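Colleague: Below is the file query22.cif, which contains mmCIF, C-alpha atoms.
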data_run
#
loop_
_atom_site.label_atom_id
_atom_site.label_comp_id
_atom_site.auth_asym_id
_atom_site.auth_seq_id
_atom_site.Cartn_x
_atom_site.Cartn_y
_atom_site.Cartn_z
CA MET A 1 32.24 -12.93 59.08
CA LYS A 2 32.27 -12.63 55.31
CA PHE A 3 32.70 -15.87 53.40
CA THR A 4 32.54 -17.41 49.95
CA LYS A 5 30.92 -20.78 49.23
CA MET A 6 32.88 -22.61 46.54
CA GLU A 7 32.90 -26.11 45.06
CA GLY A 8 35.16 -28.30 42.96
CA ILE A 9 32.95 -30.89 41.21
CA GLY A 10 30.61 -30.89 44.19
CA ASN A 11 33.28 -30.99 46.93
CA ASP A 12 32.09 -27.81 48.65
CA TYR A 13 33.73 -25.70 51.34
CA VAL A 14 33.22 -22.38 53.04
CA TYR A 15 36.19 -20.11 52.26
CA VAL A 16 37.26 -17.22 54.47
CA ASN A 17 39.75 -14.57 53.40
CA CYS A 18 41.91 -14.24 56.49
CA PHE A 19 43.64 -11.21 55.02
CA GLN A 20 40.38 -9.45 55.96
CA GLU A 21 38.64 -11.69 58.51
CA LYS A 22 39.78 -13.22 61.81
CA VAL A 23 38.62 -16.68 62.90
CA GLU A 24 39.51 -17.38 66.53
CA ASP A 25 38.34 -21.02 66.78
CA PRO A 26 38.27 -22.57 63.29
CA ARG A 27 37.45 -26.07 64.56
CA ARG A 28 34.22 -24.87 66.15
CA VAL A 29 33.42 -22.59 63.23
CA ALA A 30 33.90 -25.50 60.78
CA VAL A 31 31.26 -27.57 62.59
CA LYS A 32 28.81 -24.66 62.68
CA VAL A 33 29.12 -23.50 59.08
CA SER A 34 29.13 -27.04 57.66
CA ASP A 35 25.71 -27.85 59.16
CA ARG A 36 23.17 -27.88 56.33
CA HIS A 37 20.23 -26.95 58.58
CA TYR A 38 21.63 -24.31 60.93
CA GLY A 39 24.69 -23.19 58.99
CA ILE A 40 25.73 -22.73 55.38
CA GLY A 41 26.18 -26.37 54.47
CA SER A 42 29.53 -27.69 53.26
CA ASP A 43 32.15 -30.41 53.59
CA GLY A 44 34.20 -28.12 55.81
CA LEU A 45 35.98 -24.80 56.26
CA ILE A 46 39.04 -23.48 54.42
CA LEU A 47 40.93 -20.41 55.57
CA ILE A 48 43.08 -18.49 53.08
CA LYS A 49 46.06 -16.98 54.87
CA SER A 50 49.44 -15.38 54.28
CA SER A 51 52.53 -17.60 54.14
CA ASP A 52 56.21 -17.10 54.81
CA VAL A 53 57.20 -19.88 52.40
CA ALA A 54 54.63 -19.67 49.56
CA ASP A 55 52.30 -17.20 47.89
CA PHE A 56 49.38 -18.25 50.11
CA CYS A 57 48.51 -20.69 52.87
CA MET A 58 45.47 -23.02 52.97
CA ASP A 59 44.22 -24.01 56.44
CA MET A 60 41.56 -26.72 56.16
CA TYR A 61 39.02 -28.20 58.61
CA ASN A 62 36.56 -31.04 58.04
CA ALA A 63 32.86 -30.90 58.83
CA ASP A 64 33.48 -32.52 62.23
CA GLY A 65 36.07 -29.88 63.17
CA SER A 66 39.13 -32.08 62.64
CA GLN A 67 42.01 -30.53 60.74
CA SER A 68 43.08 -32.02 57.42
CA GLU A 69 46.45 -31.85 55.73
CA MET A 70 45.35 -31.34 52.16
CA CYS A 71 42.37 -31.19 49.79
CA GLY A 72 42.79 -31.37 46.02
CA ASN A 73 39.41 -29.86 45.15
CA GLY A 74 39.78 -27.30 47.92
CA ILE A 75 43.17 -26.06 46.78
CA ARG A 76 41.86 -25.52 43.24
CA CYS A 77 39.15 -23.29 44.71
CA VAL A 78 41.79 -21.41 46.71
CA ALA A 79 43.59 -20.71 43.43
CA LYS A 80 40.38 -19.43 41.85
CA TYR A 81 39.58 -17.27 44.87
CA VAL A 82 42.95 -15.52 45.08
CA TYR A 83 42.90 -14.73 41.35
CA ASP A 84 39.23 -13.86 40.86
CA TYR A 85 39.08 -11.73 44.03
CA GLY A 86 42.25 -9.81 43.18
CA LEU A 87 44.72 -11.19 45.71
CA THR A 88 47.08 -12.04 42.84
CA ASP A 89 47.41 -11.46 39.11
CA GLN A 90 49.69 -14.45 38.60
CA THR A 91 48.52 -17.58 36.79
CA SER A 92 51.16 -19.78 38.44
CA ILE A 93 51.05 -19.75 42.24
CA SER A 94 52.25 -21.72 45.25
CA VAL A 95 50.11 -22.65 48.25
CA GLU A 96 51.37 -23.83 51.63
CA THR A 97 49.48 -26.77 53.15
CA LEU A 98 50.13 -29.17 56.02
CA ALA A 99 51.17 -31.62 53.29
CA GLY A 100 53.80 -29.23 51.97
CA ILE A 101 53.87 -26.54 49.28
CA LYS A 102 51.76 -27.23 46.19
CA TYR A 103 52.21 -25.53 42.83
CA LEU A 104 49.22 -24.61 40.68
CA ASP A 105 48.70 -23.44 37.10
CA LEU A 106 45.53 -21.45 36.41
CA LYS A 107 43.63 -21.42 33.12
CA VAL A 108 41.84 -18.09 32.83
CA GLU A 109 38.84 -17.42 30.58
CA ASP A 110 37.18 -13.99 30.36
CA GLY A 111 39.12 -12.78 33.38
CA LYS A 112 38.09 -15.65 35.64
CA VAL A 113 39.77 -18.95 36.52
CA ALA A 114 38.02 -21.83 34.74
CA MET A 115 40.38 -24.78 35.29
CA VAL A 116 43.33 -25.44 37.58
CA THR A 117 46.15 -27.97 37.31
CA VAL A 118 47.77 -28.88 40.62
CA ASN A 119 51.19 -30.43 41.04
CA MET A 120 50.19 -32.75 43.87
CA GLY A 121 53.74 -33.94 44.49
CA GLN A 122 54.98 -37.48 45.06
CA PRO A 123 52.71 -40.28 46.22
CA GLU A 124 53.79 -41.83 49.51
CA LEU A 125 53.70 -45.63 49.52
CA ILE A 126 55.61 -46.52 52.70
CA PRO A 127 53.00 -47.78 55.20
CA ALA A 128 54.48 -46.06 58.25
CA LYS A 129 54.35 -42.70 56.46
CA ILE A 130 50.78 -43.05 55.16
CA PRO A 131 50.20 -44.15 58.00
CA VAL A 132 49.07 -47.80 58.07
CA LYS A 133 50.06 -50.40 60.65
CA SER A 134 51.90 -53.01 58.58
CA ASP A 135 55.28 -54.70 58.34
CA LYS A 136 55.12 -54.74 54.52
CA ASP A 137 57.27 -52.46 52.36
CA ILE A 138 54.26 -51.43 50.25
CA LEU A 139 50.56 -52.22 50.38
CA VAL A 140 49.31 -53.10 46.89
CA ASN A 141 46.35 -55.47 46.51
CA GLU A 142 46.80 -56.38 50.17
CA PRO A 143 44.03 -58.35 51.93
CA VAL A 144 42.20 -56.65 54.81
CA THR A 145 39.16 -57.84 56.74
CA VAL A 146 36.49 -55.21 57.27
CA GLY A 147 33.08 -55.97 58.72
CA GLY A 148 33.75 -59.71 58.53
CA ARG A 149 34.55 -59.61 54.81
CA GLU A 150 37.92 -59.68 53.06
CA TYR A 151 38.81 -56.86 50.66
CA LYS A 152 41.97 -56.15 48.67
CA MET A 153 43.33 -52.69 49.41
CA THR A 154 46.07 -50.47 48.03
CA CYS A 155 47.26 -47.72 50.38
CA VAL A 156 48.65 -44.35 49.25
CA SER A 157 49.15 -40.96 50.84
CA MET A 158 48.80 -37.77 48.82
CA GLY A 159 49.32 -35.62 51.89
CA ASN A 160 46.62 -37.51 53.76
CA PRO A 161 45.95 -41.26 54.01
CA HIS A 162 43.92 -43.15 51.40
CA CYS A 163 42.83 -46.77 51.10
CA ILE A 164 41.72 -47.81 47.61
CA VAL A 165 39.53 -50.84 46.95
CA PHE A 166 38.45 -52.09 43.51
CA VAL A 167 34.81 -53.16 43.21
CA GLU A 168 32.63 -54.42 40.36
CA ASP A 169 29.93 -51.77 40.77
CA THR A 170 30.42 -48.47 42.58
CA GLU A 171 26.76 -47.47 42.30
CA GLY A 172 25.50 -50.54 44.14
CA PHE A 173 28.30 -50.65 46.71
CA PRO A 174 26.99 -50.19 50.33
CA LEU A 175 29.25 -47.22 51.06
CA GLU A 176 27.29 -45.85 54.01
CA GLU A 177 27.78 -49.16 55.80
CA ILE A 178 31.32 -50.06 54.74
CA GLY A 179 32.85 -46.56 54.53
CA PRO A 180 32.86 -45.83 58.28
CA GLN A 181 34.29 -49.28 58.98
CA PHE A 182 37.28 -48.54 56.74
CA GLU A 183 37.66 -45.01 58.13
CA ASN A 184 37.91 -46.23 61.71
CA HIS A 185 39.70 -49.55 61.17
CA ALA A 186 42.41 -50.24 63.76
CA ILE A 187 45.19 -50.46 61.15
CA PHE A 188 44.77 -46.74 60.35
CA PRO A 189 46.07 -44.78 63.36
CA ASN A 190 44.90 -41.43 61.93
CA ARG A 191 41.75 -42.87 60.35
CA VAL A 192 41.63 -43.06 56.56
CA ASN A 193 39.84 -41.84 53.44
CA ALA A 194 38.41 -44.82 51.56
CA GLU A 195 37.96 -44.87 47.78
CA PHE A 196 36.00 -47.53 45.92
CA ILE A 197 36.90 -47.83 42.23
CA GLN A 198 35.23 -49.49 39.26
CA ILE A 199 37.47 -49.91 36.20
CA LEU A 200 35.70 -49.02 32.93
CA ASP A 201 38.72 -49.17 30.62
CA ARG A 202 42.44 -48.32 30.60
CA LYS A 203 41.69 -44.58 30.64
CA THR A 204 38.44 -44.29 32.62
CA VAL A 205 37.19 -45.29 36.08
CA ASN A 206 34.23 -44.64 38.36
CA MET A 207 34.95 -43.55 41.92
CA ARG A 208 33.06 -43.11 45.17
CA VAL A 209 34.73 -41.82 48.32
CA TRP A 210 34.16 -41.92 52.06
CA GLU A 211 36.18 -39.08 53.61
CA ARG A 212 37.30 -39.19 57.23
CA GLY A 213 35.44 -36.57 59.20
CA SER A 214 32.95 -35.82 56.43
CA GLY A 215 31.40 -39.11 55.25
CA GLU A 216 30.55 -39.62 51.58
CA THR A 217 31.34 -36.56 49.50
CA LEU A 218 30.66 -35.81 45.85
CA ALA A 219 34.38 -35.63 45.12
CA CYS A 220 37.85 -35.84 46.66
CA GLY A 221 40.88 -34.53 44.80
CA THR A 222 43.60 -36.23 46.84
CA GLY A 223 41.47 -39.39 46.73
CA ALA A 224 41.30 -39.21 42.95
CA CYS A 225 45.09 -38.83 42.78
CA ALA A 226 45.67 -41.71 45.20
CA SER A 227 43.20 -43.84 43.23
CA ALA A 228 44.98 -43.13 39.95
CA VAL A 229 48.27 -44.20 41.54
CA ALA A 230 46.60 -47.37 42.85
CA CYS A 231 45.16 -48.17 39.42
CA ILE A 232 48.61 -47.91 37.85
CA LEU A 233 50.31 -49.91 40.61
CA ASN A 234 47.80 -52.70 39.98
CA ASP A 235 48.34 -52.37 36.18
CA LEU A 236 44.68 -51.62 35.57
CA THR A 237 44.97 -48.28 33.73
CA ASP A 238 47.36 -46.05 31.81
CA GLU A 239 49.33 -43.21 33.43
CA GLU A 240 46.68 -40.59 32.63
CA ILE A 241 43.06 -41.34 33.46
CA THR A 242 39.69 -39.65 33.82
CA LEU A 243 37.91 -40.35 37.08
CA HIS A 244 34.11 -40.07 37.10
CA LEU A 245 33.06 -38.93 40.57
CA LEU A 246 29.53 -38.19 41.76
CA GLY A 247 30.14 -34.45 41.35
CA GLY A 248 31.99 -34.51 38.01
CA ASP A 249 35.24 -35.53 36.35
CA LEU A 250 38.90 -35.10 37.22
CA LEU A 251 41.88 -35.74 34.97
CA VAL A 252 44.86 -37.23 36.82
CA ARG A 253 48.30 -38.09 35.47
CA TRP A 254 51.09 -39.83 37.36
CA ASP A 255 54.39 -38.94 35.72
CA ARG A 256 56.31 -41.99 36.86
CA GLU A 257 59.64 -40.71 35.52
CA LYS A 258 59.42 -37.62 37.77
CA ASN A 259 57.25 -39.47 40.32
CA VAL A 260 54.83 -36.55 40.44
CA VAL A 261 51.02 -36.57 40.24
CA TYR A 262 49.15 -33.85 38.34
CA MET A 263 45.43 -33.20 38.78
CA THR A 264 43.27 -30.99 36.56
CA GLY A 265 39.72 -29.91 37.26
CA PRO A 266 37.30 -26.98 37.60
CA ALA A 267 36.64 -24.61 40.51
CA THR A 268 33.39 -22.71 40.95
CA VAL A 269 32.08 -19.88 43.12
CA VAL A 270 28.59 -20.70 44.42
CA PHE A 271 27.88 -17.48 46.33
CA ASP A 272 29.28 -14.84 48.68
CA GLY A 273 27.71 -14.19 52.05
CA GLU A 274 28.04 -12.90 55.57
CA ILE A 275 27.30 -14.68 58.85
CA ALA A 276 25.69 -12.45 61.45
CA ASP A 277 26.02 -14.77 64.48
CA GLU A 278 28.57 -12.89 66.57
CA LYS A 279 28.59 -15.63 69.23
CA LEU A 280 30.12 -17.98 66.67
CA PHE A 281 33.25 -15.89 66.34
#
Show how you would write the structure in this file as structure tokens.

Modeller:
Amino acid sequence: MKFTKMEGIGNDYVYVNCFQEKVEDPRRVAVKVSDRHYGIGSDGLILIKSSDVADFCMDMYNADGSQSEMCGNGIRCVAKYVYDYGLTDQTSISVETLAGIKYLDLKVEDGKVAMVTVNMGQPELIPAKIPVKSDKDILVNEPVTVGGREYKMTCVSMGNPHCIVFVEDTEGFPLEEIGPQFENHAIFPNRVNAEFIQILDRKTVNMRVWERGSGETLACGTGACASAVACILNDLTDEEITLHLLGGDLLVRWDREKNVVYMTGPATVVFDGEIADEKLF
């Protein structure tokens, strides 16, 4: 199986061109290739496929083999792949995901995609649709008890569920302890991605993320978008902010008039390779 390792500010996935390759059991393959000792090492597996409703389809699996609806950093890398590897010559494309069709604008430099802006669509704030078990109309600065301690959470879906908590210091926050407790909390029927945000000023925040099925990652695009929405809902930032993640920066803007979130960031090819283990496929 031929593959390409790509990353968007450190959020790395193994990409397979399914126009050329066939993956029979992607859940099992995702677990194998994501292992950093016996596989390639990544946050998961992304398959690039044909689509009947968009230019391309992105099929995504986490490192534990679970399927995910959407990945902001991953979809930027899909855009770079299809352009750089000659599957399209268009700089505006559409990609089908389990969270709907996303529209992307590609910035090309010297024949290669350098930056991608993704129209991430509308943020979902209704608890039942995120989903979160709650009788409230919206969950903004809502108390929740995790590990015997009360936190204030804001819940948003950007195609997959996110729980955003504001903290004084992201660097010193015990994410490895608290992250899994949020992910598997009983109020989240499909588990949740948990973002912990430190406000620096009206235009800049620090962010760490615990992703369901993957643990702490260097970056999460949908998490950055959900966090930007949460910052604005809590009147902590302006409508366009820069998020400092462990792997780099993302620029996110929530156009409240159109109710659409835009995310801009880089996409990078790490290397191409081929897996020789025929038993895996």

Colleague: Got a sec to check which residues sit within 10 Å of (35.4, -45.3, 38.9), counting only C-alpha atoms, and write them as a list in words?

Modeller: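 Within the cut-off we find Phe166, Val167, Glu168, Asp169, Thr170, Glu171, Glu195, Phe196, Ile197, Gln198, Ile199, Leu200, Asp201, Thr204, Val205, Asn206, Met207, Arg208, Ala224, Ser227, Ala228, Thr242, Leu243, His244, Leu245 and Leu246 of chain A.
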
Colleague: Distance atom CA of Val229 of chain A-atom CA of Ala99 of chain A, one decimal place?

Modeller: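 We find that atom CA of Val229 of chain A and atom CA of Ala99 of chain A lie 17.5 Å from each other.
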
Colleague: Closest to Gly111 of chain A among A:Glu211, A:Glu239, A:Asp89, A:Asp43, using all atoms listed in the file?

Modeller: A:Asp89

Colleague: Excluding Ser34 of chain A and its own-chain neighbours fewer than 6 positions away, which residues fall within 7 Å of it when counting only C-alpha atoms? Please give them as a list in words.

Modeller: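 My list of contacting residues is Ile40, Gly41, Ser42, Asp43, Gly44 and Ala63 of chain A.
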
Colleague: Separation of atom CA of Pro127 of chain A and atom CA of Pro143 of chain A, in Å?

Modeller: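 About the pair atom CA of Pro127 of chain A and atom CA of Pro143 of chain A: they are 14.2 Å apart.
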
Colleague: Please, can segment 256-267 of chain A be completed to all heavy atoms and returned as a JSON list (two decimals), in the frame of the given file?

Modeller:
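What follows is the written file result27.json:
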[["chain", "number", "residue", "atom", "x", "y", "z"],
["A", 256, "ARG", "N", 55.51, -41.05, 36.09],
["A", 256, "ARG", "CA", 56.31, -41.99, 36.86],
["A", 256, "ARG", "C", 57.81, -41.69, 36.75],
["A", 256, "ARG", "O", 58.58, -42.02, 37.66],
["A", 256, "ARG", "CB", 56.02, -43.42, 36.43],
["A", 256, "ARG", "CG", 54.55, -43.80, 36.60],
["A", 256, "ARG", "CD", 54.33, -45.29, 36.54],
["A", 256, "ARG", "NE", 54.82, -45.97, 37.74],
["A", 256, "ARG", "CZ", 54.64, -47.27, 37.98],
["A", 256, "ARG", "NH1", 53.98, -48.02, 37.10],
["A", 256, "ARG", "NH2", 55.10, -47.84, 39.08],
["A", 257, "GLU", "N", 58.22, -41.06, 35.66],
["A", 257, "GLU", "CA", 59.64, -40.71, 35.52],
["A", 257, "GLU", "C", 60.03, -39.66, 36.56],
["A", 257, "GLU", "O", 61.08, -39.76, 37.20],
["A", 257, "GLU", "CB", 59.91, -40.17, 34.11],
["A", 257, "GLU", "CG", 61.37, -39.85, 33.85],
["A", 257, "GLU", "CD", 61.63, -39.41, 32.43],
["A", 257, "GLU", "OE1", 60.76, -39.63, 31.55],
["A", 257, "GLU", "OE2", 62.72, -38.85, 32.18],
["A", 258, "LYS", "N", 59.17, -38.65, 36.75],
["A", 258, "LYS", "CA", 59.42, -37.62, 37.77],
["A", 258, "LYS", "C", 58.83, -38.01, 39.12],
["A", 258, "LYS", "O", 59.12, -37.36, 40.13],
["A", 258, "LYS", "CB", 58.81, -36.29, 37.32],
["A", 258, "LYS", "CG", 59.41, -35.72, 36.05],
["A", 258, "LYS", "CD", 58.75, -34.40, 35.69],
["A", 258, "LYS", "CE", 59.33, -33.80, 34.42],
["A", 258, "LYS", "NZ", 58.65, -32.54, 34.06],
["A", 259, "ASN", "N", 57.98, -39.04, 39.13],
["A", 259, "ASN", "CA", 57.25, -39.47, 40.32],
["A", 259, "ASN", "C", 56.43, -38.32, 40.91],
["A", 259, "ASN", "O", 56.46, -38.04, 42.12],
["A", 259, "ASN", "CB", 58.19, -40.03, 41.39],
["A", 259, "ASN", "CG", 57.43, -40.79, 42.47],
["A", 259, "ASN", "OD1", 56.33, -41.29, 42.23],
["A", 259, "ASN", "ND2", 58.00, -40.87, 43.65],
["A", 260, "VAL", "N", 55.67, -37.68, 40.04],
["A", 260, "VAL", "CA", 54.83, -36.55, 40.44],
["A", 260, "VAL", "C", 53.43, -36.77, 39.87],
["A", 260, "VAL", "O", 53.27, -37.23, 38.73],
["A", 260, "VAL", "CB", 55.40, -35.21, 39.91],
["A", 260, "VAL", "CG1", 54.42, -34.06, 40.17],
["A", 260, "VAL", "CG2", 56.73, -34.91, 40.59],
["A", 261, "VAL", "N", 52.41, -36.43, 40.66],
["A", 261, "VAL", "CA", 51.02, -36.57, 40.24],
["A", 261, "VAL", "C", 50.46, -35.19, 39.91],
["A", 261, "VAL", "O", 50.61, -34.24, 40.70],
["A", 261, "VAL", "CB", 50.17, -37.24, 41.34],
["A", 261, "VAL", "CG1", 48.71, -37.34, 40.91],
["A", 261, "VAL", "CG2", 50.72, -38.62, 41.67],
["A", 262, "TYR", "N", 49.80, -35.09, 38.76],
["A", 262, "TYR", "CA", 49.15, -33.85, 38.34],
["A", 262, "TYR", "C", 47.64, -34.07, 38.27],
["A", 262, "TYR", "O", 47.18, -35.08, 37.73],
["A", 262, "TYR", "CB", 49.66, -33.40, 36.97],
["A", 262, "TYR", "CG", 51.13, -33.07, 36.94],
["A", 262, "TYR", "CD1", 52.07, -34.04, 36.59],
["A", 262, "TYR", "CD2", 51.59, -31.80, 37.26],
["A", 262, "TYR", "CE1", 53.43, -33.76, 36.56],
["A", 262, "TYR", "CE2", 52.95, -31.51, 37.23],
["A", 262, "TYR", "CZ", 53.86, -32.48, 36.87],
["A", 262, "TYR", "OH", 55.20, -32.19, 36.84],
["A", 263, "MET", "N", 46.89, -33.12, 38.80],
["A", 263, "MET", "CA", 45.43, -33.20, 38.78],
["A", 263, "MET", "C", 44.86, -31.94, 38.15],
["A", 263, "MET", "O", 45.27, -30.83, 38.49],
["A", 263, "MET", "CB", 44.88, -33.33, 40.20],
["A", 263, "MET", "CG", 43.37, -33.31, 40.29],
["A", 263, "MET", "SD", 42.80, -33.17, 42.01],
["A", 263, "MET", "CE", 43.50, -31.58, 42.48],
["A", 264, "THR", "N", 43.91, -32.12, 37.23],
["A", 264, "THR", "CA", 43.27, -30.99, 36.56],
["A", 264, "THR", "C", 41.76, -31.08, 36.74],
["A", 264, "THR", "O", 41.16, -32.15, 36.54],
["A", 264, "THR", "CB", 43.61, -30.97, 35.06],
["A", 264, "THR", "OG1", 45.03, -30.87, 34.91],
["A", 264, "THR", "CG2", 42.96, -29.79, 34.37],
["A", 265, "GLY", "N", 41.17, -29.94, 37.10],
["A", 265, "GLY", "CA", 39.72, -29.91, 37.26],
["A", 265, "GLY", "C", 39.22, -28.49, 37.44],
["A", 265, "GLY", "O", 40.00, -27.54, 37.55],
["A", 266, "PRO", "N", 37.89, -28.32, 37.49],
["A", 266, "PRO", "CA", 37.30, -26.98, 37.60],
["A", 266, "PRO", "C", 37.23, -26.50, 39.05],
["A", 266, "PRO", "O", 37.43, -27.27, 40.00],
["A", 266, "PRO", "CB", 35.90, -27.20, 37.04],
["A", 266, "PRO", "CG", 35.58, -28.61, 37.43],
["A", 266, "PRO", "CD", 36.88, -29.37, 37.34],
["A", 267, "ALA", "N", 36.92, -25.22, 39.21],
["A", 267, "ALA", "CA", 36.64, -24.61, 40.51],
["A", 267, "ALA", "C", 35.55, -23.57, 40.28],
["A", 267, "ALA", "O", 35.60, -22.81, 39.31],
["A", 267, "ALA", "CB", 37.89, -23.96, 41.09]]
